[in-house]
$ cat work33.cif   # mmCIF, C-alpha atoms
data_my_file
loop_
_atom_site.label_atom_id
_atom_site.label_comp_id
_atom_site.auth_asym_id
_atom_site.auth_seq_id
_atom_site.Cartn_x
_atom_site.Cartn_y
_atom_site.Cartn_z
CA MET A 207 -14.18 6.52 -22.98
CA ASN A 208 -10.94 6.86 -21.02
CA ILE A 209 -7.87 4.67 -21.12
CA ILE A 210 -5.50 5.02 -18.21
CA PHE A 211 -2.07 3.69 -17.27
CA VAL A 212 -0.34 3.98 -13.89
CA LYS A 213 3.40 4.59 -13.74
CA TRP A 214 5.00 4.96 -10.30
CA GLY A 215 8.69 4.85 -9.46
CA THR A 216 11.41 3.70 -11.82
CA LYS A 217 10.43 0.12 -12.63
CA TYR A 218 8.74 1.12 -15.89
CA PRO A 219 10.27 3.75 -18.19
CA SER A 220 8.11 6.28 -20.01
CA GLU A 221 8.95 4.39 -23.22
CA ASP A 222 6.71 1.54 -22.01
CA VAL A 223 3.82 3.99 -21.63
CA ASN A 224 4.39 5.34 -25.13
CA ILE A 225 4.66 1.87 -26.72
CA LEU A 226 1.41 0.75 -25.07
CA TYR A 227 -0.29 4.00 -26.11
CA SER A 228 0.79 3.48 -29.74
CA SER A 229 -0.32 -0.13 -29.77
CA LEU A 230 -3.80 0.73 -28.46
CA LYS A 231 -4.32 4.04 -30.25
CA LYS A 232 -4.53 2.39 -33.65
CA TYR A 233 -7.67 0.56 -32.55
CA CYS A 234 -9.57 3.41 -30.88
CA ASP A 235 -10.04 7.17 -30.58
CA TYR A 236 -10.41 7.26 -26.80
CA ASP A 237 -8.76 9.73 -24.40
CA PHE A 238 -5.53 8.46 -22.90
CA TYR A 239 -4.28 9.27 -19.40
CA CYS A 240 -1.26 8.36 -17.32
CA TYR A 241 -1.39 8.62 -13.53
CA THR A 242 2.25 9.13 -12.61
CA ASP A 243 4.77 10.64 -10.24
CA ASP A 244 7.11 11.46 -13.17
CA SER A 245 5.73 12.44 -16.56
CA THR A 246 9.16 12.97 -18.15
CA GLY A 247 9.28 11.47 -21.64
CA ILE A 248 5.61 10.53 -21.85
CA ASP A 249 3.97 11.18 -25.23
CA SER A 250 2.29 14.60 -25.28
CA ASN A 251 -0.94 13.03 -26.57
CA ILE A 252 -1.33 11.28 -23.23
CA ASN A 253 -2.98 13.41 -20.55
CA ILE A 254 -1.02 13.44 -17.32
CA ILE A 255 -2.67 13.07 -13.93
CA ASP A 256 -0.10 13.71 -11.21
CA ILE A 257 0.11 11.33 -8.29
CA PRO A 258 -0.35 13.53 -5.21
CA SER A 259 2.11 13.46 -2.33
CA LYS A 260 -0.66 12.40 0.08
CA PRO A 261 -1.70 9.75 0.76
CA ALA A 262 1.71 8.41 -0.18
CA LEU A 263 1.41 4.96 -1.77
CA LYS A 264 3.99 2.68 -3.28
CA VAL A 265 4.08 0.45 -6.37
CA TRP A 266 0.79 -1.19 -7.45
CA TRP A 267 -1.13 0.37 -4.57
CA ASN A 268 -1.25 3.49 -6.75
CA LYS A 269 -3.93 1.77 -8.85
CA LEU A 270 -6.47 2.15 -6.05
CA PRO A 271 -6.81 5.98 -6.14
CA MET A 272 -8.35 5.53 -9.61
CA PHE A 273 -11.47 4.47 -7.67
CA ASN A 274 -11.57 7.63 -5.56
CA LYS A 275 -14.68 9.70 -6.27
CA ASP A 276 -12.41 12.75 -6.55
CA PHE A 277 -10.19 11.16 -9.20
CA PRO A 278 -10.42 13.44 -12.26
CA LEU A 279 -12.01 10.96 -14.68
CA HIS A 280 -15.65 10.41 -15.52
CA ALA A 281 -17.68 7.68 -17.17
CA LYS A 282 -16.34 4.53 -18.83
CA THR A 283 -12.70 3.86 -18.05
CA ILE A 284 -10.25 1.12 -19.02
CA PHE A 285 -7.01 0.51 -17.15
CA PHE A 286 -4.03 -1.41 -18.58
CA ASP A 287 -0.93 -2.52 -16.70
CA LEU A 288 2.26 -1.43 -18.46
CA ASP A 289 3.71 -4.94 -18.71
CA VAL A 290 1.38 -6.10 -21.46
CA TYR A 291 1.84 -6.64 -25.17
CA ILE A 292 -1.09 -5.87 -27.44
CA ARG A 293 -1.13 -8.46 -30.24
CA HIS A 294 -4.32 -7.30 -31.96
CA ASN A 295 -7.47 -5.32 -31.23
CA PRO A 296 -8.62 -6.08 -27.66
CA PHE A 297 -11.57 -3.67 -27.62
CA PRO A 298 -14.31 -5.94 -29.03
CA LEU A 299 -13.80 -8.20 -25.99
CA ILE A 300 -13.27 -5.35 -23.51
CA GLU A 301 -16.27 -3.31 -24.56
CA THR A 302 -18.68 -6.14 -23.78
CA SER A 303 -18.09 -5.30 -20.08
CA ASP A 304 -21.00 -4.62 -17.81
CA TRP A 305 -20.01 -1.02 -17.13
CA SER A 306 -22.09 -0.87 -13.97
CA LYS A 307 -19.58 -3.29 -12.41
CA LEU A 308 -15.85 -3.55 -11.90
CA THR A 309 -14.51 -6.04 -14.45
CA LEU A 310 -11.12 -7.72 -14.18
CA ILE A 311 -9.10 -10.52 -15.72
CA ASP A 312 -10.13 -14.09 -15.08
CA CYS A 313 -6.81 -15.73 -14.17
CA ARG A 314 -8.17 -19.16 -13.36
CA PRO A 315 -6.66 -20.61 -16.54
CA TRP A 316 -3.24 -19.60 -15.18
CA LYS A 317 -4.14 -20.95 -11.76
CA ASP A 318 -4.59 -24.41 -13.25
CA ILE A 319 -0.98 -24.18 -14.30
CA ILE A 320 0.19 -22.48 -11.13
CA ASN A 321 -1.48 -25.15 -9.01
CA THR A 322 1.00 -27.75 -10.21
CA ASP A 323 3.83 -25.70 -8.72
CA SER A 324 4.09 -25.84 -4.93
CA ASN A 325 6.09 -22.62 -4.88
CA TYR A 326 2.91 -20.73 -5.62
CA SER A 327 0.67 -22.23 -2.99
CA THR A 328 -0.06 -18.82 -1.48
CA ARG A 329 -1.62 -17.63 -4.70
CA TYR A 330 -4.39 -20.19 -4.86
CA ASP A 331 -6.92 -17.98 -3.27
CA VAL A 332 -7.09 -15.18 -5.85
CA THR A 333 -8.92 -15.98 -9.04
CA MET A 334 -8.84 -12.58 -10.67
CA ASN A 335 -6.14 -10.20 -11.76
CA SER A 336 -6.05 -6.43 -12.24
CA THR A 337 -3.88 -6.33 -15.37
CA VAL A 338 -6.88 -4.91 -17.25
CA ILE A 339 -9.83 -3.31 -15.45
CA THR A 340 -12.98 -1.60 -16.66
CA TRP A 341 -15.40 0.49 -14.61
CA ASP A 342 -17.59 3.54 -14.65
CA ALA A 343 -15.66 6.25 -12.82
CA ASP A 344 -18.91 7.88 -11.66
CA ASN A 345 -20.24 4.73 -9.98
CA PRO A 346 -20.57 5.26 -6.19
CA GLU A 347 -20.23 1.51 -5.61
CA ILE A 348 -16.74 1.67 -7.14
CA HIS A 349 -15.81 4.63 -4.91
CA LYS A 350 -16.51 2.50 -1.85
CA MET A 351 -13.32 0.49 -2.58
CA TRP A 352 -11.12 3.54 -2.19
CA ASP A 353 -13.02 4.81 0.85
CA HIS A 354 -12.65 1.42 2.52
CA PHE A 355 -8.93 1.25 1.74
CA ASN A 356 -8.17 4.83 2.71
CA GLY A 357 -9.79 4.57 6.14
CA SER A 358 -8.46 3.61 9.53
CA GLN A 359 -7.08 0.23 8.41
CA LYS A 360 -5.00 1.40 5.45
CA ASP A 361 -1.66 0.36 6.97
CA TYR A 362 -3.17 -2.96 8.02
CA PHE A 363 -4.33 -3.64 4.46
CA LEU A 364 -0.88 -2.73 3.15
CA ARG A 365 0.65 -5.32 5.49
CA LYS A 366 -2.00 -7.93 4.88
CA TYR A 367 -2.35 -7.94 1.12
CA LYS A 368 0.38 -8.38 -1.45
CA GLY A 369 -1.58 -6.34 -3.99
CA ILE A 370 -4.90 -4.83 -4.93
CA ASP A 371 -6.31 -8.07 -6.35
CA ARG A 372 -6.38 -9.71 -2.94
CA PHE A 373 -7.65 -6.50 -1.34
CA ILE A 374 -10.60 -6.34 -3.75
CA GLN A 375 -11.43 -10.03 -3.52
CA HIS A 376 -10.96 -10.61 0.21
CA GLU A 377 -12.55 -7.37 1.36
CA GLY A 378 -15.67 -8.61 -0.38
CA PHE A 379 -16.10 -6.20 -3.26
CA SER A 380 -18.11 -7.56 -6.16
CA TYR A 381 -16.67 -7.79 -9.65
CA GLU A 382 -17.16 -9.38 -13.03
CA LEU A 383 -14.60 -11.21 -15.16
CA PHE A 384 -13.61 -10.73 -18.78
CA SER A 385 -13.73 -13.62 -21.18
CA THR A 386 -10.65 -15.83 -20.83
CA GLU A 387 -10.08 -15.15 -24.53
CA LEU A 388 -8.95 -11.60 -23.75
CA ILE A 389 -5.56 -12.23 -22.20
CA GLN A 390 -2.91 -14.87 -21.76
CA SER A 391 0.06 -15.12 -19.44
CA TYR A 392 3.51 -15.34 -20.99
CA LYS A 393 4.85 -17.04 -17.88
CA TYR A 394 2.14 -19.58 -17.19
CA GLN A 395 0.51 -20.27 -20.55
CA LEU A 396 3.14 -21.84 -22.69
CA GLU A 397 3.50 -20.94 -26.33
CA ASP A 398 1.76 -24.15 -27.42
CA ASP A 399 -1.27 -23.12 -25.44
CA TYR A 400 -1.57 -19.70 -26.99
CA MET A 401 -5.04 -19.13 -28.27
CA ASN A 402 -4.41 -16.00 -30.28
CA ASN A 403 -5.63 -13.81 -27.45
CA PRO A 404 -5.25 -10.06 -28.13
CA ILE A 405 -3.27 -9.30 -24.96
CA VAL A 406 -0.25 -11.01 -23.42
CA THR A 407 0.74 -10.18 -19.86
CA PHE A 408 4.36 -10.38 -18.77
CA GLU A 409 3.46 -10.36 -15.10
CA GLU A 410 6.30 -11.89 -13.05
CA VAL A 411 8.55 -11.80 -16.13
CA ASP A 412 11.34 -9.37 -16.99
CA TYR A 413 10.01 -8.44 -20.39
CA GLY A 414 13.10 -6.34 -21.10
CA ARG A 415 14.98 -9.63 -21.61
CA SER A 416 16.35 -10.03 -25.12
CA ASP A 417 14.66 -13.42 -25.68
CA ILE A 418 11.28 -11.85 -24.88
CA LYS A 419 11.95 -8.91 -27.18
CA THR A 420 12.81 -11.41 -29.92
CA TRP A 421 9.64 -13.36 -29.15
CA ILE A 422 7.56 -10.18 -29.47
CA GLU A 423 9.17 -9.25 -32.79
CA ASP A 424 8.68 -12.80 -34.13
CA ASP A 425 5.05 -12.75 -33.00
CA LYS A 426 4.45 -9.40 -34.70
CA GLU A 427 5.96 -10.75 -37.90
CA ASN A 428 3.81 -13.90 -37.73
CA LEU A 429 0.69 -11.77 -37.20
CA ARG A 430 1.67 -9.59 -40.16
CA ARG A 431 2.11 -12.66 -42.39
CA LYS A 432 -1.17 -14.16 -41.19
CA HIS A 433 -2.94 -10.86 -41.84
CA ALA A 434 -1.37 -10.62 -45.33
CA VAL A 435 -2.45 -14.16 -46.20
CA SER A 436 -6.00 -13.69 -44.94
CA GLY A 437 -6.20 -10.21 -46.55
CA MET B 24 -4.65 -13.82 22.24
CA ILE B 25 -3.55 -15.79 19.21
CA LYS B 26 -5.29 -18.89 20.52
CA LYS B 27 -8.44 -16.83 21.06
CA ILE B 28 -8.41 -15.47 17.49
CA PHE B 29 -7.82 -18.96 16.11
CA GLU B 30 -10.62 -20.49 18.19
CA GLU B 31 -13.00 -17.73 17.13
CA SER B 32 -12.06 -18.40 13.51
CA THR B 33 -13.43 -21.92 13.87
CA GLN B 34 -16.80 -20.41 14.77
CA SER B 35 -16.87 -17.53 12.30
CA GLN B 36 -15.52 -17.06 8.81
CA ASP B 37 -15.38 -13.33 9.52
CA GLU B 38 -12.48 -13.76 11.97
CA ASP B 39 -9.38 -12.28 10.38
CA LEU B 40 -6.52 -14.76 10.73
CA PHE B 41 -3.93 -12.30 9.40
CA ARG B 42 -4.14 -10.67 12.83
CA ILE B 43 -2.13 -13.66 14.10
CA PRO B 44 1.10 -13.06 12.12
CA ASP B 45 0.55 -9.33 12.52
CA ILE B 46 0.51 -9.65 16.31
CA ILE B 47 3.56 -11.93 16.20
CA ASN B 48 5.43 -9.36 14.07
CA SER B 49 4.52 -6.61 16.52
CA LEU B 50 6.26 -8.57 19.27
CA ASP B 51 9.38 -9.70 17.43
CA LYS B 52 12.95 -9.29 18.66
CA LYS B 53 13.61 -6.07 16.73
CA GLN B 54 10.38 -4.49 17.93
CA ILE B 55 11.27 -5.29 21.53
CA GLU B 56 14.88 -4.17 21.14
CA SER B 57 14.04 -0.82 19.53
CA LYS B 58 11.25 -0.04 21.99
CA LYS B 59 13.35 -0.96 25.02
CA TRP B 60 16.05 1.35 23.63
CA LEU B 61 13.47 4.14 23.54
CA VAL B 62 12.17 3.51 27.05
CA ASP B 63 15.63 3.21 28.61
CA THR B 64 16.92 6.34 26.87
CA LEU B 65 13.79 8.34 27.65
CA ALA B 66 14.16 7.51 31.34
CA GLU B 67 17.45 9.44 31.28
CA TYR B 68 15.73 12.60 30.05
CA TYR B 69 12.29 12.54 31.66
CA THR B 70 11.62 12.44 35.37
CA GLY B 71 8.18 14.12 35.52
CA ASN B 72 4.83 12.64 36.50
CA ASP B 73 2.74 13.45 33.46
CA THR B 74 0.83 11.24 31.08
CA PHE B 75 2.59 9.33 28.30
CA ILE B 76 0.74 9.35 25.00
CA ILE B 77 1.79 6.81 22.39
CA GLY B 78 0.76 7.57 18.82
CA GLY B 79 0.37 4.72 16.34
CA GLY B 80 1.03 2.18 19.08
CA TRP B 81 -0.22 -0.86 17.12
CA TYR B 82 -1.01 -3.73 19.54
CA GLY B 83 0.39 -1.95 22.59
CA LEU B 84 3.86 -3.40 23.15
CA LEU B 85 5.46 0.03 23.59
CA GLY B 86 2.77 1.09 26.06
CA TYR B 87 3.46 -2.02 28.09
CA LEU B 88 7.24 -1.44 28.13
CA VAL B 89 6.70 2.21 29.15
CA LYS B 90 4.43 1.00 31.96
CA LEU B 91 7.13 -1.37 33.20
CA LYS B 92 9.62 1.51 33.33
CA PHE B 93 7.20 4.13 34.65
CA PRO B 94 4.73 2.07 36.71
CA ASP B 95 3.08 5.04 38.45
CA HIS B 96 2.39 7.04 35.32
CA LYS B 97 -0.73 7.11 33.21
CA ILE B 98 0.07 5.54 29.84
CA VAL B 99 -2.30 5.96 26.88
CA ASN B 100 -1.64 3.81 23.83
CA THR B 101 -3.43 5.10 20.73
CA ASP B 102 -3.90 3.81 17.21
CA ILE B 103 -6.22 4.66 14.33
CA ASP B 104 -7.00 0.94 13.83
CA GLU B 105 -10.00 0.12 16.01
CA LYS B 106 -9.38 -3.62 15.77
CA ALA B 107 -5.75 -3.23 16.82
CA ILE B 108 -6.86 -1.27 19.89
CA LYS B 109 -9.43 -3.93 20.74
CA ILE B 110 -6.67 -6.56 20.69
CA ALA B 111 -4.26 -4.28 22.61
CA LYS B 112 -6.81 -3.91 25.42
CA GLN B 113 -6.83 -7.68 25.86
CA MET B 114 -3.09 -8.14 25.51
CA PHE B 115 -1.96 -5.32 27.79
CA PRO B 116 -4.74 -4.40 30.23
CA GLU B 117 -2.23 -2.50 32.43
CA VAL B 118 -2.27 0.29 29.84
CA LYS B 119 -5.12 2.54 28.73
CA HIS B 120 -5.83 2.11 25.01
CA GLN B 121 -7.77 4.49 22.81
CA VAL B 122 -8.70 4.78 19.13
CA ILE B 123 -7.24 8.11 17.97
CA ASP B 124 -6.30 9.42 14.53
CA MET B 125 -3.29 11.48 15.56
CA ILE B 126 -3.10 13.14 12.14
CA ASN B 127 -6.69 14.38 12.18
CA LYS B 128 -6.99 18.09 12.94
CA ASN B 129 -9.81 17.40 15.40
CA TYR B 130 -7.24 15.52 17.46
CA SER B 131 -5.84 18.76 18.84
CA GLU B 132 -9.22 20.19 19.81
CA ASN B 133 -10.73 17.04 21.20
CA TRP B 134 -7.93 15.21 22.82
CA ALA B 135 -4.33 16.32 22.71
CA TYR B 136 -4.86 19.59 24.52
CA GLN B 137 -6.38 17.68 27.42
CA HIS B 138 -2.87 16.35 27.97
CA ASN B 139 -1.01 19.54 27.24
CA GLU B 140 2.07 18.59 29.17
CA GLY B 141 3.73 15.25 29.35
CA VAL B 142 5.31 12.91 26.90
CA PHE B 143 4.37 12.03 23.34
CA ILE B 144 5.97 8.94 21.80
CA SER B 145 5.76 7.49 18.33
CA THR B 146 7.92 4.80 16.83
CA SER B 147 5.94 4.92 13.57
CA ILE B 148 7.30 8.08 11.96
CA GLU B 149 8.31 6.16 8.81
CA HIS B 150 4.58 5.51 8.23
CA ILE B 151 3.58 9.19 8.36
CA HIS B 152 3.98 11.89 5.71
CA LYS B 153 6.40 14.66 6.74
CA ASP B 154 3.65 17.31 6.68
CA GLU B 155 1.61 15.18 9.00
CA VAL B 156 4.53 14.67 11.38
CA ASP B 157 4.70 18.47 11.53
CA SER B 158 0.96 18.62 12.36
CA ILE B 159 1.35 16.02 15.10
CA MET B 160 4.12 18.06 16.73
CA PHE B 161 1.90 21.15 16.46
CA TYR B 162 -0.97 19.31 18.16
CA ASN B 163 1.34 18.27 20.99
CA PRO B 164 2.82 21.53 22.32
CA ASN B 165 5.02 21.71 25.41
CA LYS B 166 5.65 17.99 25.46
CA ILE B 167 8.69 15.85 25.71
CA VAL B 168 8.67 13.81 22.51
CA ALA B 169 10.46 10.60 21.60
CA LEU B 170 10.28 9.77 17.91
CA GLN B 171 11.65 6.84 15.95
CA SER B 172 12.02 6.24 12.23
CA ASN B 173 14.23 3.97 10.13
CA ASN B 174 15.92 3.41 6.76
CA PHE B 175 13.88 0.31 5.93
CA TYR B 176 12.55 1.60 2.60
CA ASP B 177 11.48 -1.75 1.21
CA HIS B 178 8.09 -1.98 2.88
CA PRO B 179 4.79 -0.76 1.41
CA THR B 180 3.76 1.09 4.60
CA HIS B 181 7.09 2.92 4.95
CA ILE B 182 6.45 6.12 3.04
CA ASN B 183 8.69 8.43 5.07
CA CYS B 184 11.96 6.66 5.82
CA SER B 185 15.16 8.56 6.53
CA LYS B 186 18.47 7.77 4.86
CA SER B 187 20.46 8.50 8.00
CA LEU B 188 20.26 9.97 11.47
CA ASP B 189 21.30 13.34 10.02
CA ASP B 190 18.50 13.12 7.48
CA PHE B 191 15.98 12.35 10.27
CA LYS B 192 17.33 15.19 12.44
CA GLU B 193 17.22 17.64 9.55
CA TYR B 194 13.46 17.59 9.27
CA ILE B 195 12.48 16.78 12.86
CA SER B 196 14.68 19.39 14.61
CA PRO B 197 12.84 22.46 13.24
CA MET B 198 9.61 21.09 14.74
CA LEU B 199 11.18 21.04 18.23
CA LYS B 200 12.24 23.76 20.65
CA GLU B 201 15.06 21.58 21.93
CA VAL B 202 16.72 18.32 20.96
CA TYR B 203 18.03 16.36 23.95
CA TYR B 204 19.12 13.19 22.23
CA ALA B 205 19.66 11.81 18.73
CA GLY B 206 20.91 8.29 18.19
CA GLU B 207 20.73 5.20 16.07
CA LEU B 208 20.35 1.50 16.69
CA TYR B 209 21.76 -0.99 14.19
CA LEU B 210 19.45 -3.93 13.64
CA ASP B 211 20.12 -6.88 11.34
CA ASP B 212 18.99 -5.37 8.06
CA TYR B 213 18.19 -1.75 8.79
CA THR B 214 18.95 1.06 11.22
CA ARG B 215 16.48 2.70 13.55
CA PHE B 216 16.85 6.40 14.38
CA MET B 217 15.58 8.19 17.47
CA ILE B 218 15.23 11.79 18.58
CA ILE B 219 14.14 12.91 22.02
CA GLY B 220 13.31 16.59 22.43
CA LYS B 221 10.70 19.12 23.45
CA THR B 222 7.94 20.72 21.35
#
$ encode --input "work33.cif" --output "structure tokens"
Amino acid sequence: MNIIFVKWGTKYPSEDVNILYSSLKKYCDYDFYCYTDDSTGIDSNINIIDIPSKPALKVWWNKLPMFNKDFPLHAKTIFFDLDVYIRHNPFPLIETSDWSKLTLIDCRPWKDIINTDSNYSTRYDVTMNSTVITWDADNPEIHKMWDHFNGSQKDYFLRKYKGIDRFIQHEGFSYELFSTELIQSYKYQLEDDYMNNPIVTFEEVDYGRSDIKTWIEDDKENLRRKHAVSG
Amino acid sequence: MIKKIFEESTQSQDEDLFRIPDIINSLDKKQIESKKWLVDTLAEYYTGNDTFIIGGGWYGLLGYLVKLKFPDHKIVNTDIDEKAIKIAKQMFPEVKHQVIDMINKNYSENWAYQHNEGVFISTSIEHIHKDEVDSIMFYNPNKIVALQSNNFYDHPTHINCSKSLDDFKEYISPMLKEVYYAGELYLDDYTRFMIIGKT
């Protein structure tokens, strides 16, 4: 089993890669990879896959080459965005994936919240999210996504879609969804609604903010206490 | 054209409505201003009768403006995007439009050498990797070339912007036998750079 992160540009420091690696490593003995244009500071236990100079892609579009048949990974693969916080073991929920399919996050619970906010009207039409993805890297059906993107309409897709979620959904590729118990959104699912999901995504949130760091530390402490009581 | 796409969308869910804002963007004030700048400047340096080839010409606006300036010349607008060329044919029938991947190595063997003198224009250099710009110049020998790029980094398709005119000249000049013109055009939020020379 492979676990891969993508780090492009300067938005995420290598420290984020290392923290996520440490928080997942304690629950599994899988091989870790980071697909990056700058491996400086990344833990030496993480295998580096260099982002090539061609085709040159920016930001989140660098997730799509993971579906290239020539990408140097084989078999079952799990991708995590770097802006997540692992609260407890996510693998029992992740490993129930149908590995013959692409599986992504079901973000409809967030959409219910987003739908009350008119500022987000343009987001109504995407019901999945690529914060966590599972697939079989040898599956030719998965490779078709990259081939389709990297063809004659690549620039058009880059103009048309704000990210890979829309590209996957609106270009008609099939996918499955994880249980909604896998992940929760810090921004859209308020603390009262937290359901003890193992992953929290900070998508659209500056998780370097001190109040969020405090929240994470408090949450870790609460989990420790809960674990001690139940243990 | 926009009305046609919209009407077709009422008959078919397959009609891609994003083509509408995309066409509008291709015709906006900055697009017109920067392409008119190219055509007017080029007219000062080129007085021949050869074919104009436009690489990465999108929906054909540049081809149309070249045709207005050089009405007796053959103008060929090319783009890799088959659907863009289909739309360009309807929008600007005065110009010949063709689906061509100008980066593909077969381009030189199959097409570019058929027009081995003349003018090659591309205002899309910021979309093309530097190595591939080099290949395109190689595939277009003995041509007058007019190339535009910009410093508008904050766009997902702009993977080869230049910081300044000097920066643009620094990598384009070695690909050319001569540089006739290098200039810049200040737009509202970015600057467009242009070099006219000979391969």
$ closest_residue --input "work33.cif" --among "B:Asp73, B:Asp212, B:Glu207, B:Asp45" --to "Asn139 in chain B" --atoms "all atoms listed in the file"
B:Asp73
$ closest_residue --input "work33.cif" --among "A:Ser391, A:Thr302, A:Ser220, A:Ser259" --to "chain B" --atoms "all atoms listed in the file"
A:Ser259
$ closest_atom_pairs --input "work33.cif" --of "chain B" --to "chain A" --cutoff "6 Å" --atoms "all atoms listed in the file" --output "JSON lines"
{"residue": "B:Ile103", "atom": "CA", "partner": "A:Ser358", "partner_atom": "CA", "distance": 5.4}
{"residue": "B:Asp104", "atom": "CA", "partner": "A:Ser358", "partner_atom": "CA", "distance": 5.3}
{"residue": "B:Pro179", "atom": "CA", "partner": "A:Lys264", "partner_atom": "CA", "distance": 5.9}
{"residue": "B:Thr180", "atom": "CA", "partner": "A:Asp361", "partner_atom": "CA", "distance": 6.0}
$ atom_distance --input "work33.cif" --atom1 "CA of Tyr394 in chain A" --atom2 "CA of Trp341 in chain A"
26.8 Å
$ residues_around --input "work33.cif" --residues "range 106-114 of chain B" --least-positions-apart "3" --cutoff "7 Å" --atoms "only C-alpha atoms" --output "list in words"
Met24, Trp81, Tyr82, Gly83, Asp102, His120, Gln121 and Val122 of chain B
$ resolve_selection --input "work33.cif" --expression "the PyMOL selection byres ((chain B and resi 40) around 12)" --output "PyMOL selection string"
(chain A and resi 366) or (chain B and resi 24-33+35-39+41-47)
$ resolve_selection --input "work33.cif" --expression "the PyMOL selection byres ((chain A and resi 233) around 10)" --output "VMD selection string"
chain A and resid 228 to 232 234 to 236 294 to 298
$ build_atoms --input "work33.cif" --residues "range 96-111 of chain B" --atoms "N, CA and C atoms" --output "PDB file, keeping the file's coordinate frame"
ATOM      1  N   HIS B  96       2.878   6.048  36.274  1.00  0.00           N
ATOM      2  CA  HIS B  96       2.390   7.040  35.320  1.00  0.00           C
ATOM      3  C   HIS B  96       1.170   6.507  34.563  1.00  0.00           C
ATOM      4  N   LYS B  97       0.371   7.486  34.088  1.00  0.00           N
ATOM      5  CA  LYS B  97      -0.730   7.110  33.210  1.00  0.00           C
ATOM      6  C   LYS B  97      -0.167   6.954  31.791  1.00  0.00           C
ATOM      7  N   ILE B  98      -0.429   5.818  31.178  1.00  0.00           N
ATOM      8  CA  ILE B  98       0.070   5.540  29.840  1.00  0.00           C
ATOM      9  C   ILE B  98      -1.152   5.369  28.928  1.00  0.00           C
ATOM     10  N   VAL B  99      -1.205   6.104  27.826  1.00  0.00           N
ATOM     11  CA  VAL B  99      -2.300   5.960  26.880  1.00  0.00           C
ATOM     12  C   VAL B  99      -1.741   5.537  25.527  1.00  0.00           C
ATOM     13  N   ASN B 100      -2.051   4.311  25.143  1.00  0.00           N
ATOM     14  CA  ASN B 100      -1.640   3.810  23.830  1.00  0.00           C
ATOM     15  C   ASN B 100      -2.749   4.105  22.833  1.00  0.00           C
ATOM     16  N   THR B 101      -2.402   4.784  21.729  1.00  0.00           N
ATOM     17  CA  THR B 101      -3.430   5.100  20.730  1.00  0.00           C
ATOM     18  C   THR B 101      -3.067   4.512  19.377  1.00  0.00           C
ATOM     19  N   ASP B 102      -4.099   4.239  18.606  1.00  0.00           N
ATOM     20  CA  ASP B 102      -3.900   3.810  17.210  1.00  0.00           C
ATOM     21  C   ASP B 102      -5.182   4.138  16.458  1.00  0.00           C
ATOM     22  N   ILE B 103      -5.046   4.364  15.178  1.00  0.00           N
ATOM     23  CA  ILE B 103      -6.220   4.660  14.330  1.00  0.00           C
ATOM     24  C   ILE B 103      -7.033   3.391  14.071  1.00  0.00           C
ATOM     25  N   ASP B 104      -6.382   2.221  14.183  1.00  0.00           N
ATOM     26  CA  ASP B 104      -7.000   0.940  13.830  1.00  0.00           C
ATOM     27  C   ASP B 104      -7.791   0.402  15.035  1.00  0.00           C
ATOM     28  N   GLU B 105      -9.114   0.504  14.905  1.00  0.00           N
ATOM     29  CA  GLU B 105     -10.000   0.120  16.010  1.00  0.00           C
ATOM     30  C   GLU B 105      -9.783  -1.338  16.432  1.00  0.00           C
ATOM     31  N   LYS B 106      -9.555  -2.201  15.451  1.00  0.00           N
ATOM     32  CA  LYS B 106      -9.380  -3.620  15.770  1.00  0.00           C
ATOM     33  C   LYS B 106      -8.057  -3.873  16.495  1.00  0.00           C
ATOM     34  N   ALA B 107      -7.032  -3.097  16.123  1.00  0.00           N
ATOM     35  CA  ALA B 107      -5.750  -3.230  16.820  1.00  0.00           C
ATOM     36  C   ALA B 107      -5.894  -2.812  18.284  1.00  0.00           C
ATOM     37  N   ILE B 108      -6.657  -1.745  18.511  1.00  0.00           N
ATOM     38  CA  ILE B 108      -6.860  -1.270  19.890  1.00  0.00           C
ATOM     39  C   ILE B 108      -7.670  -2.288  20.691  1.00  0.00           C
ATOM     40  N   LYS B 109      -8.630  -2.904  20.056  1.00  0.00           N
ATOM     41  CA  LYS B 109      -9.430  -3.930  20.740  1.00  0.00           C
ATOM     42  C   LYS B 109      -8.526  -5.086  21.205  1.00  0.00           C
ATOM     43  N   ILE B 110      -7.611  -5.475  20.346  1.00  0.00           N
ATOM     44  CA  ILE B 110      -6.670  -6.560  20.690  1.00  0.00           C
ATOM     45  C   ILE B 110      -5.702  -6.074  21.771  1.00  0.00           C
ATOM     46  N   ALA B 111      -5.213  -4.830  21.632  1.00  0.00           N
ATOM     47  CA  ALA B 111      -4.260  -4.280  22.610  1.00  0.00           C
ATOM     48  C   ALA B 111      -4.864  -4.263  24.014  1.00  0.00           C
TER      49      ALA B 111
END
